[in-house]
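Chemist: There's a structure below that I have some questions on.
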Amino acid sequence: MKRHKLFILGIIVLGLQAGCLGTGLNPQSIQNTPVLNPVVSGGGSTPVVIPTASFQWIGALTSSTVTSGWSSSSGASVIASVDGGFQNVNGFAVDSVNGFFYVVDYYNHQISKFASVTGAFVGAIGKTNSSTGTCPASGATSGWCTGGHFTFGTGDGEFQNPTDIALDIANDVFYVSDFLNYRVSKYVLSTGAYMGSIGEVASKPGAGTCPSSGVATSWCTGGIFAQNAGDGSFNLVSSLGVDTVGGSLFIADQAARKLIQVTASTGAFVGSVGKVSSSTGNCSVGVATSWCTGGTFTATGAASIDGSYSTPAALSVDSTNGFIYVLDPGSHKANKILISTGAFVGAIGYVGSSTGGPGACVAGGGATGWCTGGTFASAPIPGAGDGHFYDAYYGISADADSGFLYIGDQGANRIMKFDLLTGAFIGAKGKLIASNGTCPTSGFAPDWCTGGTFSSGTGRGQYKAPGSVYAAADGYLYVNDTSNYRIVRVAK
């Protein structure tokens with residue numbers, strides 16, 4: 001079972017807490033090739049990183065064995081709960097400063113750490129129920145460890161279907177959205193030690209700094225959290241991102257139909273944006289044009305109303321230029337908003353109809369750039385249409401250094417590249433079955449191309465329901481190849 005419809009799965013998983021192991025693919029005969037390190041060039045103050053390998057992946061070869069590092073071979077991975085294996089990856093993030101990347105495994109209830117250059121497994125955190133290595137035999141881990149078999153839990157340092165991770169490298173911390181624990185948690189990046197959580201506290205069974213009940217106004221310990229949609233509470237959190245310039249943490253709550261801003265250092269709630277149906281605070285009914293309090297949010301008309309959200313499932317923060325990019329699969333569009341106010345700037349996707357006027361979206365095709373007044377719809381042809389989203393759920397990454405935006409379209413089995421500033425479509429990659437543009441008519445796209453019709457595949461340069469994407473400073477685009485149970489990296 002895959003996390004393609006997380007809101008629905010959130011309900012289903014409540015009855016499947018023991019895990020949801022699926023049947024893996026048949027093991028492939030795969031041989032690893034030597035890891036090719038990036039080449040650094042350029043004479044400016046910021047080196048240009050040029051990857052020397054165009055397609056590499058890591059994952060499990062069988063239920064008990066994994067690749068020893070990045071592999072350049074063709075073939076898919078299988079479901080595994082061992083060190084270096086994956087069951088259902090959702091979010092991940094890359095620390096190019098220290099040379100690590102972090103993977104969020106929804107059904108394995110853990111966060112894993114890998115070395116970026118080699119792809120070697122470093123350790124994991126969460127709640128274990130057995131161990132063959134440095135992890136405890138049971139209970140919450142105290143930091144990155146090996147050999148653990150992980151399970152769900154509600155205590156400090158434990159996860160119940162985590163969905164995303166955001167790094168604050170300068171302050172040596174990271175944040176995790178803990179989907180079915182209805183909280184956001186904070187950890188020490190270097191050690192993996194738990195620091196605290198925020199959300200609405202239902203109870204506090206033992207010692208800790210959380211209140212006995214009510215909204216936690218700062219990062220706290222010892223609390224068990226409840227599902228709610230009010231200020232400082234979380235319904236079903238799917239994604240988050242850090243503004244390293246302004247010091248804010250932004251959170252996408254897809255079931256509450258809103259984006260949330262909190263102060264990263266303290267965890268204090270700041271405000272929310274979306275379409276307000278009622279308010280007990282300074283939010284006004286209608287689309288919020290600035291971060292506000294006391295609002296109840298709705299998805300009514302989200303596909304046609306600028307600044308409203310149906311299921312905000314993924315976000316990416318561009319601190320350099322001052323924008324947040326939000327992927328809303330329920331509205332079939334990607335949104336661009338201002339960090340400072342939360343105000344809507346524009347959207348891209350397939351435009352079914354438009355209100356017209358200056359800057360308005362043009363109906364009957366993919367938006368040519370960030371536009372307003374459009375009613376968005378799913379791509380008319382699955383796997384085809386430049387700039388159309390067929391089933392784009394959890395993959396969006398803004399790369400301010402290079403000026404591009406990357407989106408993973410799960411239903412279309414492709415990853416897409418856009419101009420970050422203008423929103424113009426540049427090209428796509430994946431397995432081709434037809435083309436009326438620069439893409440080849442079959443095989444895989446060796447470079448970003450246009451006019452292609454894409455299908456699922458397990459080989460080199462091919463994807464099967466690609467989800468989360470992350471454009472890293474090491475010159476690679478990291479891709480969660482969801483139904484191939486592998487993490488892929490390709491040249492950006």
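In the structure tokens, chains take letters A, B, ... by order of appearance, with residues numbered from 1 within each chain and ligands from 1 in the order shown.
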Do a neighbour search on A:Ala384 at 7 Å with only C-alpha atoms, toss out local chain neighbours closer than 4 positions, and write the hits as a list in words.

Modeler: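 In the requested format, the answer is Gly452, Thr453 and Phe454 of chain A.
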
Chemist: Do a neighbour search on A:Ala367 at 7 Å with only C-alpha atoms, toss out local chain neighbours closer than 6 positions, and write the hits as a PyMOL selection string.

Modeler: chain A and resi 348-351+361+387

Chemist: Counting only C-alpha atoms, which of A:Leu327, A:Val273, A:Met195, A:Ala472 gets nearest to A:Phe100?

Modeler: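 Among the listed residues, the smallest separation from A:Phe100 belongs to A:Ala472.
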
Chemist: Find the residues around A:Gly246 up to 9 Å (only C-alpha atoms counted), leave out those fewer than 5 positions away in its own chain, and share them as a list in words.

Modeler: Ser319, Ile339 and Ser340 of chain A

Chemist: Between A:Thr163, A:Ser112, A:Ser354, A:Ser131, which one has atoms that come closest to A:Gly143, using only C-alpha atoms?

Modeler: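 Ranking A:Thr163, A:Ser112, A:Ser354, A:Ser131 by distance to A:Gly143, first place goes to A:Ser112.
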
Chemist: Excluding same-chain residues fewer than 5 positions from stretch 249-263 of chain A, what lies within 8 Å of it counting only C-alpha atoms, as JSON, numbers by chain?

Modeler: {"A": [7, 229, 234, 235, 236, 237, 238, 239, 240, 241, 242, 243, 268, 269, 270, 271, 272, 273, 274, 275, 291, 297, 298, 299, 308, 309, 310, 311, 312, 313, 314, 315]}

Chemist: Residues of stretch 346-404 of chain A within 12 Å of stretch 73-93 of chain A: nearest atom pair and distance (Å, one decimal) for each, counting only C-alpha atoms, sorted by chain and number, as a Markdown table?

Modeler:
```
| residue | atom | partner | partner_atom | distance |
| --- | --- | --- | --- | --- |
| A:Tyr393 | CA | A:Asn90 | CA | 10.3 |
| A:Tyr394 | CA | A:Asn90 | CA | 7.4 |
| A:Gly395 | CA | A:Gly91 | CA | 8.3 |
| A:Ile396 | CA | A:Gly91 | CA | 10.2 |
| A:Ser397 | CA | A:Ala93 | CA | 10.1 |
```

Chemist: Write to file, as an mmCIF file, in the first residue's frame, the residues of the selection just made, with N, CA and C atoms.

Modeler:
```
data_model
loop_
_atom_site.group_PDB
_atom_site.id
_atom_site.type_symbol
_atom_site.label_atom_id
_atom_site.label_comp_id
_atom_site.auth_asym_id
_atom_site.auth_seq_id
_atom_site.Cartn_x
_atom_site.Cartn_y
_atom_site.Cartn_z
ATOM 1 N N TYR A 393 1.559 14.621 -5.725
ATOM 2 C CA TYR A 393 1.153 14.679 -4.321
ATOM 3 C C TYR A 393 2.204 15.247 -3.376
ATOM 4 N N TYR A 394 3.385 14.673 -3.354
ATOM 5 C CA TYR A 394 4.281 14.994 -2.254
ATOM 6 C C TYR A 394 5.657 15.483 -2.668
ATOM 7 N N GLY A 395 5.843 15.819 -3.944
ATOM 8 C CA GLY A 395 7.183 16.181 -4.380
ATOM 9 C C GLY A 395 7.288 17.583 -4.918
ATOM 10 N N ILE A 396 7.906 18.495 -4.165
ATOM 11 C CA ILE A 396 8.178 19.843 -4.659
ATOM 12 C C ILE A 396 9.442 20.359 -3.974
ATOM 13 N N SER A 397 10.346 20.943 -4.756
ATOM 14 C CA SER A 397 11.599 21.436 -4.199
ATOM 15 C C SER A 397 12.064 22.662 -4.966
#
```

Chemist: Taking into account only C-alpha atoms, which residue in the set A:Val317, A:Met416, A:Val66, A:Ala137 is nearest to A:Ala400?

Modeler: A:Val317

Chemist: Do a neighbour search on A:Thr355 at 7 Å with only C-alpha atoms, toss out local chain neighbours closer than 4 positions, and write the hits as a list in words.

Modeler: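 So, after excluding close chain neighbours, the residues are Ala360, Gly373 and Gly374 of chain A.
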
Chemist: Counting only C-alpha atoms, which residue out of A:Gly427, A:Gly346, A:Gly385, A:Gly99 sits closest to A:Gly364?

Modeler: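 Checking each of A:Gly427, A:Gly346, A:Gly385, A:Gly99 against A:Gly364, counting only C-alpha atoms, the winner is A:Gly385.
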
Chemist: Show me, as a compact mmCIF listing (two decimals) with N, CA, C and O atoms, in the first residue's frame, the residues that have an atom within 9 Å of A:Phe425 when counting only C-alpha atoms, minus same-chain residues fewer than 5 positions from it.

Modeler:
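That gives us around-v1.txt:
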```
# COMPACT_ATOMS: atom_id res chain seq x y z
N GLY A 366 -1.60 23.78 -20.06
CA GLY A 366 -0.73 24.04 -18.93
C GLY A 366 -0.42 25.52 -18.80
O GLY A 366 -0.20 26.21 -19.81
N ALA A 367 -0.44 26.03 -17.59
CA ALA A 367 -0.11 27.44 -17.36
C ALA A 367 1.31 27.70 -17.85
O ALA A 367 2.22 26.92 -17.60
N THR A 368 1.50 28.81 -18.54
CA THR A 368 2.82 29.15 -19.07
C THR A 368 3.70 29.82 -18.03
O THR A 368 4.86 30.11 -18.29
N GLY A 369 3.15 30.08 -16.87
CA GLY A 369 3.88 30.70 -15.78
C GLY A 369 2.94 30.94 -14.62
O GLY A 369 1.74 30.62 -14.68
N ASP A 386 2.82 18.88 -21.00
CA ASP A 386 3.87 19.67 -20.36
C ASP A 386 3.26 20.60 -19.32
O ASP A 386 2.36 21.39 -19.61
N GLY A 387 3.75 20.50 -18.10
CA GLY A 387 3.27 21.37 -17.03
C GLY A 387 1.94 20.97 -16.43
O GLY A 387 1.41 21.68 -15.57
N MET A 416 9.33 16.77 -13.04
CA MET A 416 9.27 17.93 -13.92
C MET A 416 10.11 19.08 -13.37
O MET A 416 10.30 19.21 -12.16
N LYS A 417 10.57 19.91 -14.29
CA LYS A 417 11.44 21.04 -13.96
C LYS A 417 10.81 22.32 -14.50
O LYS A 417 10.37 22.38 -15.65
N PHE A 418 10.75 23.36 -13.63
CA PHE A 418 10.16 24.64 -13.99
C PHE A 418 11.15 25.76 -13.67
O PHE A 418 12.04 25.60 -12.84
N ASP A 419 10.95 26.90 -14.31
CA ASP A 419 11.69 28.10 -13.95
C ASP A 419 11.11 28.63 -12.64
O ASP A 419 9.92 28.88 -12.53
N THR A 450 10.65 17.88 -23.61
CA THR A 450 9.27 18.32 -23.71
C THR A 450 8.46 17.37 -24.60
O THR A 450 9.02 16.62 -25.40
```

Chemist: Measuring atom to atom with only C-alpha atoms, identify which of A:Gly342, A:Gly230, A:Pro205, A:Gly307 is nearest to A:Asp328.

Modeler: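 Among the listed residues, A:Gly307 lies closest to A:Asp328.
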
Chemist: Check the smallest atom-to-atom distance from each of A:His149, A:Arg489, A:Arg183, A:Lys431 to A:Ser233 using only C-alpha atoms, then report the winner.

Modeler: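 Among the listed residues, the smallest separation from A:Ser233 belongs to A:Arg183.
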
Chemist: Could you list, as JSON, numbers by chain, every residue within 9 Å of A:Cys135, counting only C-alpha atoms and ignoring same-chain residues fewer than 4 positions away?

Modeler: {"A": [123, 124, 125, 128, 130, 131, 141, 142, 143, 144, 145, 146, 147, 148, 149]}

Chemist: Stretch 399-482 of chain A: which residues are strand (DSSP E) by DSSP, as a ChimeraX atom specification?

Modeler: /A:399,404-409,414-419,425-435,443-444,452-455,466-471,476-481
